[in-house]
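File shown here: entry-v7.txt, holding compact mmCIF, C-alpha atoms.
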# COMPACT_ATOMS: atom_id res chain seq x y z
CA MET A 478 0.00 0.00 0.00
CA LYS A 479 1.33 3.40 -0.90
CA VAL A 480 2.15 5.65 2.05
CA PRO A 481 0.00 8.82 2.06
CA ARG A 482 1.99 11.88 1.03
CA ARG A 483 1.44 13.65 4.34
CA TRP A 484 3.17 10.81 6.22
CA TRP A 485 5.92 10.58 3.62
CA ARG A 486 6.66 14.26 4.20
CA ILE A 487 6.71 13.89 7.98
CA GLY A 488 9.13 11.00 7.66
CA TYR A 489 11.35 13.05 5.38
CA LEU A 490 11.48 15.94 7.80
CA LEU A 491 12.61 13.59 10.56
CA LEU A 492 15.64 12.42 8.62
CA PRO A 493 18.89 13.24 10.47
CA LEU A 494 20.64 16.43 9.46
CA VAL A 495 23.78 14.76 8.18
CA VAL A 496 25.96 14.74 5.12
CA TRP A 497 24.86 11.61 3.29
CA SER A 498 27.50 9.64 1.43
CA CYS A 499 27.54 9.69 -2.34
CA SER A 500 27.79 5.95 -3.01
CA PRO A 501 25.25 4.67 -5.53
CA ALA A 502 22.40 2.53 -4.22
CA PRO A 503 23.02 -1.23 -4.44
CA ALA A 504 22.10 -2.69 -7.81
CA GLY A 505 18.53 -3.94 -8.02
CA THR A 506 17.18 -1.99 -5.04
CA THR A 507 15.31 0.54 -7.16
CA ASN A 508 14.76 1.59 -10.75
CA ALA A 509 16.11 4.88 -11.99
CA PRO A 510 14.52 6.55 -15.03
CA VAL A 511 16.12 5.75 -18.36
CA PHE A 512 16.59 8.56 -20.90
CA GLU A 513 17.18 8.62 -24.62
CA LEU A 514 18.14 11.61 -26.75
CA ASP A 515 15.43 13.00 -29.05
CA PRO A 516 17.47 13.73 -32.20
CA ASP A 517 14.59 15.65 -33.81
CA TRP A 518 14.38 18.33 -31.11
CA PRO A 519 14.72 21.27 -31.48
CA GLN A 520 13.98 22.24 -35.07
CA THR A 521 16.44 24.40 -37.01
CA LEU A 522 16.35 27.99 -35.79
CA PRO A 523 14.96 30.49 -38.33
CA GLU A 524 16.55 33.63 -39.84
CA ASN A 525 20.14 32.32 -39.72
CA TRP A 526 20.00 32.51 -35.92
CA ILE A 527 22.62 30.86 -33.77
CA LEU A 528 22.84 30.53 -29.99
CA GLY A 529 25.64 31.74 -27.77
CA ALA A 530 26.38 30.10 -24.42
CA VAL A 531 22.95 28.92 -23.27
CA THR A 532 22.58 29.98 -19.65
CA GLY A 533 18.86 29.50 -19.01
CA ILE A 534 16.15 27.02 -19.99
CA ALA A 535 12.66 26.57 -18.53
CA VAL A 536 9.44 24.71 -19.33
CA ASP A 537 6.17 26.58 -18.79
CA GLY A 538 2.81 25.16 -17.73
CA GLY A 539 1.80 24.50 -21.34
CA GLY A 540 4.92 22.52 -22.19
CA HIS A 541 6.62 25.32 -24.12
CA VAL A 542 10.37 25.66 -23.65
CA TRP A 543 11.97 29.05 -23.00
CA VAL A 544 15.63 29.76 -23.66
CA THR A 545 17.98 32.64 -22.89
CA HIS A 546 21.61 32.85 -23.92
CA ALA A 547 24.70 35.04 -24.05
CA GLN A 548 24.36 36.39 -27.58
CA GLY A 549 27.93 37.59 -27.83
CA MET A 550 29.42 34.27 -26.78
CA ALA A 551 28.89 32.49 -30.06
CA THR A 552 32.21 31.97 -31.82
CA PRO A 553 33.25 34.79 -34.23
CA ALA A 554 33.57 32.29 -37.06
CA ALA A 555 29.91 31.33 -36.58
CA LEU A 556 28.73 34.96 -36.69
CA GLY A 557 30.11 35.85 -40.10
CA ALA A 558 26.81 37.34 -41.33
CA ALA A 559 26.75 39.70 -38.34
CA GLN A 560 30.11 41.30 -39.18
CA ASP A 561 30.39 44.70 -40.85
CA PRO A 562 30.80 44.01 -43.69
CA PRO A 563 29.46 40.43 -43.60
CA VAL A 564 32.15 37.83 -44.17
CA SER A 565 29.80 34.91 -44.82
CA GLN A 566 26.17 34.02 -45.40
CA CYS A 567 25.65 32.70 -41.89
CA CYS A 568 25.01 33.42 -39.03
CA VAL A 569 23.60 36.09 -36.68
CA PRO A 570 22.90 35.94 -32.94
CA ALA A 571 19.44 34.72 -32.03
CA PRO A 572 17.26 37.15 -30.02
CA GLY A 573 17.88 37.21 -26.28
CA VAL A 574 14.83 35.11 -25.34
CA LEU A 575 13.18 32.38 -27.42
CA GLU A 576 9.94 30.46 -26.85
CA LEU A 577 9.69 27.02 -28.48
CA ASP A 578 6.64 24.79 -28.76
CA PRO A 579 6.82 21.12 -27.66
CA GLN A 580 7.94 20.13 -31.16
CA GLY A 581 10.90 22.50 -30.95
CA ASN A 582 9.65 25.24 -33.29
CA VAL A 583 10.27 28.89 -32.37
CA VAL A 584 6.88 30.52 -31.76
CA GLN A 585 8.11 33.91 -30.52
CA SER A 586 11.26 35.78 -29.54
CA TRP A 587 12.16 39.03 -27.81
CA ASP A 588 14.41 41.71 -29.23
CA THR A 589 16.03 42.51 -25.89
CA SER A 590 18.18 45.22 -27.44
CA GLN A 591 15.15 47.53 -27.67
CA GLY A 592 13.95 47.36 -24.06
CA GLU A 593 14.17 50.18 -21.53
CA TYR A 594 16.36 48.14 -19.22
CA ALA A 595 19.97 46.96 -19.07
CA TRP A 596 19.84 43.58 -20.79
CA PRO A 597 22.85 41.57 -19.53
CA ASP A 598 25.53 40.31 -21.87
CA VAL A 599 25.31 37.09 -19.85
CA PRO A 600 21.74 36.45 -18.65
CA HIS A 601 21.83 33.71 -16.03
CA GLY A 602 18.83 31.64 -14.99
CA LEU A 603 15.31 31.58 -16.42
CA PHE A 604 11.94 30.67 -14.90
CA VAL A 605 8.32 30.89 -16.10
CA ASP A 606 5.92 31.17 -13.18
CA HIS A 607 2.31 30.05 -12.65
CA ASN A 608 0.99 33.35 -14.05
CA ASP A 609 3.15 33.09 -17.20
CA TYR A 610 5.59 35.77 -16.10
CA VAL A 611 9.12 35.16 -17.31
CA TRP A 612 11.96 35.77 -14.84
CA VAL A 613 15.55 36.29 -16.00
CA GLY A 614 18.65 36.67 -13.87
CA SER A 615 20.93 39.56 -14.82
CA ARG A 616 24.16 38.30 -13.34
CA PRO A 617 26.45 41.15 -14.50
CA HIS A 618 24.07 43.91 -13.35
CA HIS A 619 23.08 42.37 -9.95
CA GLN A 620 19.39 42.23 -10.88
CA VAL A 621 16.48 39.90 -11.52
CA LEU A 622 14.06 41.01 -14.26
CA LYS A 623 10.41 39.94 -14.44
CA PHE A 624 8.68 40.16 -17.84
CA SER A 625 5.25 39.53 -19.27
CA ARG A 626 5.02 36.63 -21.68
CA GLU A 627 5.34 39.13 -24.52
CA GLY A 628 8.58 40.62 -23.19
CA GLU A 629 7.36 43.73 -21.33
CA LEU A 630 9.35 44.45 -18.17
CA VAL A 631 7.00 44.52 -15.15
CA LEU A 632 9.35 44.28 -12.13
CA THR A 633 13.04 44.70 -11.32
CA ILE A 634 14.64 43.36 -8.15
CA GLY A 635 18.00 44.87 -7.25
CA GLU A 636 19.73 48.04 -8.40
CA GLN A 637 21.72 48.11 -11.62
CA ASP A 638 25.44 47.58 -11.03
CA GLU A 639 25.10 47.95 -7.23
CA THR A 640 25.74 45.25 -4.67
CA GLY A 641 25.94 45.28 -0.89
CA GLY A 642 26.98 41.83 0.33
CA SER A 643 25.14 38.71 1.38
CA ASN A 644 23.09 40.32 4.16
CA ASP A 645 21.80 43.35 2.27
CA PRO A 646 17.99 43.11 1.94
CA ASP A 647 17.66 45.24 -1.18
CA LEU A 648 20.77 44.67 -3.31
CA LEU A 649 21.70 41.45 -5.07
CA GLY A 650 25.16 40.06 -5.80
CA ARG A 651 25.36 38.41 -9.24
CA PRO A 652 22.19 36.27 -9.03
CA SER A 653 22.10 32.98 -10.92
CA ASP A 654 18.63 31.39 -10.77
CA ILE A 655 14.97 31.92 -9.78
CA TRP A 656 12.02 29.80 -8.66
CA VAL A 657 8.55 31.17 -7.81
CA ASN A 658 6.17 29.36 -5.44
CA PRO A 659 2.76 29.11 -7.16
CA GLU A 660 0.92 29.06 -3.81
CA THR A 661 2.52 32.09 -2.16
CA ASN A 662 3.94 33.93 -5.18
CA GLU A 663 7.26 34.23 -3.35
CA ALA A 664 10.31 34.50 -5.59
CA PHE A 665 13.31 32.47 -4.38
CA ILE A 666 16.60 33.70 -5.86
CA ALA A 667 19.96 31.92 -5.88
CA ASP A 668 22.19 34.89 -5.15
CA GLY A 669 24.87 33.17 -6.13
CA TYR A 670 28.05 34.30 -7.88
CA GLY A 671 28.87 37.29 -5.69
CA ASN A 672 26.77 36.64 -2.60
CA ARG A 673 26.38 33.41 -0.62
CA ARG A 674 22.67 33.07 -0.01
CA ILE A 675 19.12 32.25 -0.99
CA VAL A 676 17.00 35.39 -0.81
CA VAL A 677 13.20 35.60 -1.04
CA TYR A 678 11.07 38.49 -2.32
CA ASP A 679 7.38 39.04 -2.87
CA GLY A 680 6.78 38.10 -6.49
CA GLU A 681 4.26 40.90 -7.05
CA THR A 682 5.86 43.88 -5.32
CA GLY A 683 9.51 42.85 -5.05
CA ALA A 684 9.47 43.47 -1.29
CA TYR A 685 12.25 41.71 0.64
CA LEU A 686 11.03 38.83 2.85
CA ARG A 687 14.00 36.77 4.17
CA HIS A 688 17.33 35.18 3.29
CA TRP A 689 19.68 32.46 4.52
CA GLY A 690 23.03 30.86 3.83
CA ALA A 691 24.30 27.28 3.88
CA TYR A 692 22.74 25.11 6.60
CA GLY A 693 20.19 27.90 7.14
CA GLU A 694 22.85 30.00 8.87
CA VAL A 695 23.70 33.67 8.43
CA PRO A 696 25.87 34.05 5.31
CA ASP A 697 29.42 35.23 5.95
CA ASP A 698 31.27 36.85 3.05
CA ASP A 699 34.58 36.71 4.93
CA TYR A 700 34.48 32.94 5.44
CA THR A 701 37.42 30.95 4.05
CA HIS A 702 36.39 27.69 2.42
CA PRO A 703 38.32 24.51 3.23
CA ASP A 704 40.08 22.68 0.42
CA ARG A 705 37.74 20.42 -1.49
CA GLY A 706 38.24 16.67 -1.37
CA GLU A 707 36.76 13.45 -0.05
CA ASP A 708 38.40 13.79 3.37
CA GLU A 709 37.77 17.50 3.88
CA PRO A 710 34.96 18.82 6.11
CA PRO A 711 32.02 20.37 4.25
CA SER A 712 32.07 24.13 3.92
CA ARG A 713 29.81 26.01 6.36
CA GLN A 714 29.07 28.61 3.68
CA PHE A 715 27.76 28.34 0.15
CA GLY A 716 30.39 28.29 -2.58
CA THR A 717 28.60 29.23 -5.79
CA VAL A 718 24.83 29.10 -5.32
CA HIS A 719 24.12 28.21 -8.93
CA GLY A 720 20.64 26.65 -9.21
CA LEU A 721 17.51 25.95 -7.21
CA VAL A 722 14.05 24.43 -7.51
CA GLY A 723 11.04 24.02 -5.24
CA SER A 724 8.98 20.85 -4.80
CA HIS A 725 5.21 20.38 -4.56
CA ASP A 726 5.52 19.44 -0.88
CA GLY A 727 7.34 22.53 0.25
CA PHE A 728 11.09 21.97 0.01
CA ILE A 729 13.78 24.04 -1.70
CA TYR A 730 16.67 22.21 -3.39
CA VAL A 731 19.85 24.23 -3.90
CA ALA A 732 22.78 23.40 -6.20
CA ASP A 733 25.91 24.63 -4.40
CA ARG A 734 28.23 24.30 -7.36
CA ARG A 735 31.78 24.63 -6.10
CA ASN A 736 30.99 22.69 -2.92
CA ASN A 737 29.83 19.66 -4.98
CA ARG A 738 26.54 19.36 -3.13
CA VAL A 739 22.79 19.74 -2.98
CA GLN A 740 21.29 21.23 0.16
CA VAL A 741 17.61 20.88 1.08
CA PHE A 742 15.60 23.47 3.04
CA GLU A 743 12.11 24.20 4.14
CA GLN A 744 10.83 27.38 2.59
CA ASP A 745 11.53 29.40 5.72
CA GLY A 746 15.22 28.51 5.43
CA THR A 747 15.29 25.62 7.92
CA PHE A 748 18.00 23.20 6.84
CA VAL A 749 16.88 19.61 6.23
CA ALA A 750 19.72 17.62 4.67
CA GLU A 751 22.47 17.63 2.05
CA ARG A 752 24.14 15.32 -0.41
CA VAL A 753 27.71 15.68 -1.63
CA VAL A 754 28.19 14.21 -5.12
CA ALA A 755 31.61 13.28 -6.54
CA PRO A 756 33.43 15.17 -3.76
CA ALA A 757 36.88 14.92 -5.38
CA THR A 758 35.73 17.08 -8.32
CA LEU A 759 37.71 20.32 -8.54
CA GLY A 760 37.32 23.19 -11.02
CA SER A 761 33.78 24.55 -11.09
CA GLY A 762 32.37 21.64 -9.09
CA THR A 763 29.52 19.23 -9.74
CA ALA A 764 26.30 20.99 -8.70
CA PHE A 765 25.29 23.28 -11.57
CA ASP A 766 21.50 22.89 -11.54
CA VAL A 767 18.69 20.81 -10.08
CA ALA A 768 15.35 19.66 -11.47
CA LEU A 769 12.54 17.37 -10.30
CA SER A 770 10.90 14.50 -12.12
CA GLY A 771 7.51 15.04 -13.72
CA ASP A 772 5.50 12.46 -11.74
CA PRO A 773 3.03 13.78 -9.12
CA ASP A 774 5.29 12.81 -6.19
CA GLN A 775 8.42 14.16 -7.90
CA GLU A 776 10.22 11.00 -6.89
CA TYR A 777 13.55 11.86 -8.47
CA LEU A 778 15.93 14.78 -8.20
CA TYR A 779 18.27 15.43 -11.12
CA LEU A 780 21.62 17.12 -10.64
CA MET A 781 23.37 18.68 -13.63
CA ASP A 782 27.14 18.32 -13.37
CA GLY A 783 28.88 20.81 -15.64
CA THR A 784 32.41 19.72 -14.77
CA ASN A 785 32.01 15.96 -15.23
CA HIS A 786 29.57 16.61 -18.12
CA LYS A 787 26.69 14.42 -16.97
CA ILE A 788 23.38 14.32 -15.09
CA TRP A 789 23.07 12.44 -11.80
CA THR A 790 19.76 10.85 -10.73
CA LEU A 791 18.99 10.94 -6.99
CA ARG A 792 16.06 9.47 -5.09
CA ARG A 793 14.43 12.54 -3.58
CA SER A 794 13.26 10.92 -0.34
CA ASP A 795 16.81 10.27 0.90
CA LEU A 796 19.04 11.83 -1.81
CA GLU A 797 20.55 8.43 -2.59
CA VAL A 798 22.43 8.47 -5.90
CA LEU A 799 20.70 5.98 -8.20
CA GLY A 800 22.55 6.52 -11.44
CA GLU A 801 23.85 8.92 -14.04
CA PHE A 802 23.71 9.53 -17.75
CA GLY A 803 25.65 11.55 -20.29
CA ARG A 804 29.33 12.03 -20.98
CA GLY A 805 31.60 14.74 -22.28
CA GLY A 806 31.72 15.24 -26.03
CA TYR A 807 30.53 17.25 -28.99
CA GLN A 808 28.21 14.65 -30.52
CA VAL A 809 24.45 14.83 -30.03
CA GLY A 810 23.47 13.35 -26.69
CA GLU A 811 26.82 14.32 -25.17
CA PHE A 812 27.64 17.41 -23.12
CA VAL A 813 30.27 20.11 -22.92
CA ARG A 814 29.67 22.35 -19.92
CA PRO A 815 25.98 21.49 -19.35
CA HIS A 816 24.60 24.48 -17.51
CA ASN A 817 20.83 24.42 -16.88
CA MET A 818 17.94 21.98 -17.16
CA ASP A 819 14.21 21.59 -16.62
CA THR A 820 11.62 18.85 -16.93
CA ASP A 821 8.14 18.69 -18.45
CA ALA A 822 5.00 16.94 -17.23
CA GLU A 823 5.95 13.77 -19.14
CA GLY A 824 9.28 13.58 -17.33
CA ASN A 825 11.49 14.58 -20.25
CA ILE A 826 14.64 16.57 -19.47
CA TYR A 827 15.63 19.70 -21.41
CA THR A 828 19.25 20.76 -21.17
CA SER A 829 21.29 23.83 -22.05
CA GLU A 830 25.03 23.96 -22.61
CA ALA A 831 27.46 26.80 -22.25
CA GLY A 832 30.27 24.94 -24.00
CA THR A 833 28.56 23.63 -27.14
CA ARG A 834 25.98 26.49 -27.17
CA ARG A 835 23.02 24.21 -27.76
CA ILE A 836 19.85 22.79 -26.21
CA GLN A 837 18.78 19.14 -26.19
CA ARG A 838 15.82 17.02 -25.09
CA PHE A 839 16.15 13.64 -23.41
CA GLN A 840 12.96 11.58 -23.41
CA VAL A 841 12.24 9.29 -20.52
CA THR A 842 11.80 5.72 -21.74
CA GLY A 843 11.59 3.88 -18.41
CA THR A 844 9.06 4.00 -15.61
CA LEU A 845 9.13 6.81 -13.06
CA THR A 846 7.83 4.51 -10.31
CA PRO A 847 10.08 1.75 -8.95

Rewritten as structure tokens:
Amino acid sequence: MKVPRRWWRIGYLLLPLVVWSCSPAPAGTTNAPVFELDPDWPQTLPENWILGAVTGIAVDGGGHVWVTHAQGMATPAALGAAQDPPVSQCCVPAPGVLELDPQGNVVQSWDTSQGEYAWPDVPHGLFVDHNDYVWVGSRPHHQVLKFSREGELVLTIGEQDETGGSNDPDLLGRPSDIWVNPETNEAFIADGYGNRRIVVYDGETGAYLRHWGAYGEVPDDDYTHPDRGEDEPPSRQFGTVHGLVGSHDGFIYVADRRNNRVQVFEQDGTFVAERVVAPATLGSGTAFDVALSGDPDQEYLYLMDGTNHKIWTLRRSDLEVLGEFGRGGYQVGEFVRPHNMDTDAEGNIYTSEAGTRRIQRFQVTGTLTP
């Protein structure tokens, strides 16, 4: 008999607040989802468009996929038609934001160069909320921008090019990702590259509500991180807060990139648990982004690893590592610097890459229920 969700949640909250090991679950104890690349998604971009480093991807409630990218980070050789004078027939940078239908066709785009705002040269993080507002992180300008579906700016959080540290209620510090709670309309921001915190604002007014650091503690910008490695103690502060996502049952999952870990919180900032994945990984670390499976219970947590070029599958109830898929490489289905991901209602995973400047869809072919 299936345990009612309310008791499952209580049991989860009573788990010990420990650093769980990162050993995979014993073979045969559970089934992890199996994914297969969809080679027909997306369709060819129109108008000679080409993507730069893709730093945001999100699926909206209707199954449409939204993409933002660093337009200037396509290779010069690929942008020959954009030179003055043109040096080749192809290509030009795609608009700053694209909306694709489930088949991978572009249905609209935004000319972000014409807006009355400072569009970042490297937008970072993208989320479409329950009211169809589109949120984009402006990492270089220390802001988060909220747009209508048609691209009209309706709210700005943070002041352009101003930052005040991890405990400033009004100023951001190079934010990296956004998630909005559909029940409370609170906007959770991974604030991220400059600061060391999760910060929450009212999604309608932009009013500051609360913030916290690693383990739910007060963030400390002067903290010195220990060396990373399997035998080193976990850092008491966030490294690079790079991605986050909220679950149906009220938890926030945070990808702490350079610390090679996922931390779990209640929405008030109470720390629940963490999982360190591939702790010996150096460089940019393992924890680039997190996403949840599309089944009603969101049984699985996916962790995008931009340094080892793969996606890890974790069982959400205890963060046990069940498996992985992907490898480094330039062929379709492979990754170079995978950066962001999201899932749709069918459980498919959509990925963006900063290295190969592309997006891909991986269709789930196995069952989501062990």

Test item: residues at most 6 Å from stretch 592-606 of chain A, only C-alpha atoms, excluding those fewer than 6 positions along its chain, as a VMD selection string: chain A and resid 532 to 535 537 547 612 to 616 653 to 654 657

Top pick for closest residue to A:His816, considering A:Gly803, A:Gly690, A:Gly843, A:Gly720 and counting only C-alpha atoms: A:Gly720

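In this structure, atom CA of A:Gly683 sits 23.9 Å away from atom CA of A:Phe715.
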
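With only C-alpha atoms as the basis for measurement, A:Leu528 is the residue among A:Ala750, A:Leu528, A:Ile675, A:Val574 that approaches A:Leu556 most closely.
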
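Minimum atom-to-atom distances from A:Gly628, A:Pro711, A:Gly671, A:Pro579 to A:Leu648 were compared using all atoms listed in the file, and the lowest value belongs to A:Gly671.
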
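Residues lying at most 6 Å from (36.4, 19.8, -6.1) in file coordinates, with only C-alpha atoms considered, are Arg705, Gly706, Pro756, Ala757, Thr758, Leu759 and Gly762 of chain A.
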
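In this comparison, which uses all atoms listed in the file, the residue of A:Gly693, A:Gly760, A:Gly680, A:Gly716 approaching A:Val631 most closely is A:Gly680.
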
Exercise: residues within 9 Å of coordinate (30.1, 30.0, 6.1), counting only C-alpha atoms, as a list in words: Arg673, Gly690, Ala691, Tyr692, Glu694, Val695, Pro696, Asp697, Asp698, Asp699, Tyr700, Thr701, His702, Ser712, Arg713, Gln714, Phe715 and Gly716 of chain A

Please tabulate, as a Markdown table, the residues of stretch 537-629 of chain A that come within 9 Å of stretch 826-837 of chain A, each with its closest pair of atoms and the distance in Å to one decimal, counting only C-alpha atoms and ordering rows by chain, then residue number upward.
| residue | atom | partner | partner_atom | distance |
| --- | --- | --- | --- | --- |
| A:Val542 | CA | A:Tyr827 | CA | 8.3 |
| A:Val544 | CA | A:Ser829 | CA | 8.4 |
| A:His546 | CA | A:Arg834 | CA | 8.4 |
| A:Ala547 | CA | A:Ala831 | CA | 8.9 |
| A:Met550 | CA | A:Arg834 | CA | 8.5 |
| A:Ala551 | CA | A:Arg834 | CA | 7.3 |

Go ahead and dump the residues you just picked, C-alpha atoms, as a compact mmCIF listing (two decimals), in the frame of the given file.
# COMPACT_ATOMS: atom_id res chain seq x y z
CA VAL A 542 10.37 25.66 -23.65
CA VAL A 544 15.63 29.76 -23.66
CA HIS A 546 21.61 32.85 -23.92
CA ALA A 547 24.70 35.04 -24.05
CA MET A 550 29.42 34.27 -26.78
CA ALA A 551 28.89 32.49 -30.06

Surrounding residues of A:Pro646 excluding itself and chain neighbours under 6 positions, 12 Å, only C-alpha atoms, as a PyMOL selection string: chain A and resi 634-636+640+668+672+674-678+683-689

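You will find atom CA of A:Tyr777 at 5.0 Å from atom CA of A:Arg793.
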
Between atom CA of A:Arg752 and atom CA of A:Asn658 - distance in Å to one decimal: 23.4 Å

Minimum-distance residue to A:Gly669, chosen among A:Lys787, A:His719, A:His618, A:His607 (using only C-alpha atoms): A:His719

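Of the residues listed (A:Phe742, A:Trp518, A:Phe728, A:Tyr779), A:Tyr779 shows the shortest atom-to-atom separation from A:Leu799; distances use all atoms listed in the file.
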
Enclose all atoms of stretch 756-764 of chain A listed in the file in an axis-aligned box, grow every side by 8 Å, and hand back centre and edge lengths in Å to one decimal, as JSON.
{"center_x": 32.0, "center_y": 19.7, "center_z": -7.4, "size_x": 27.4, "size_y": 25.6, "size_z": 23.3}

Close residues, A:Ala559 itself excluded, 12 Å, all atoms listed in the file, min 5 positions apart in chain, as a PyMOL selection string: chain A and resi 524-527+548-549+551-554+564-571
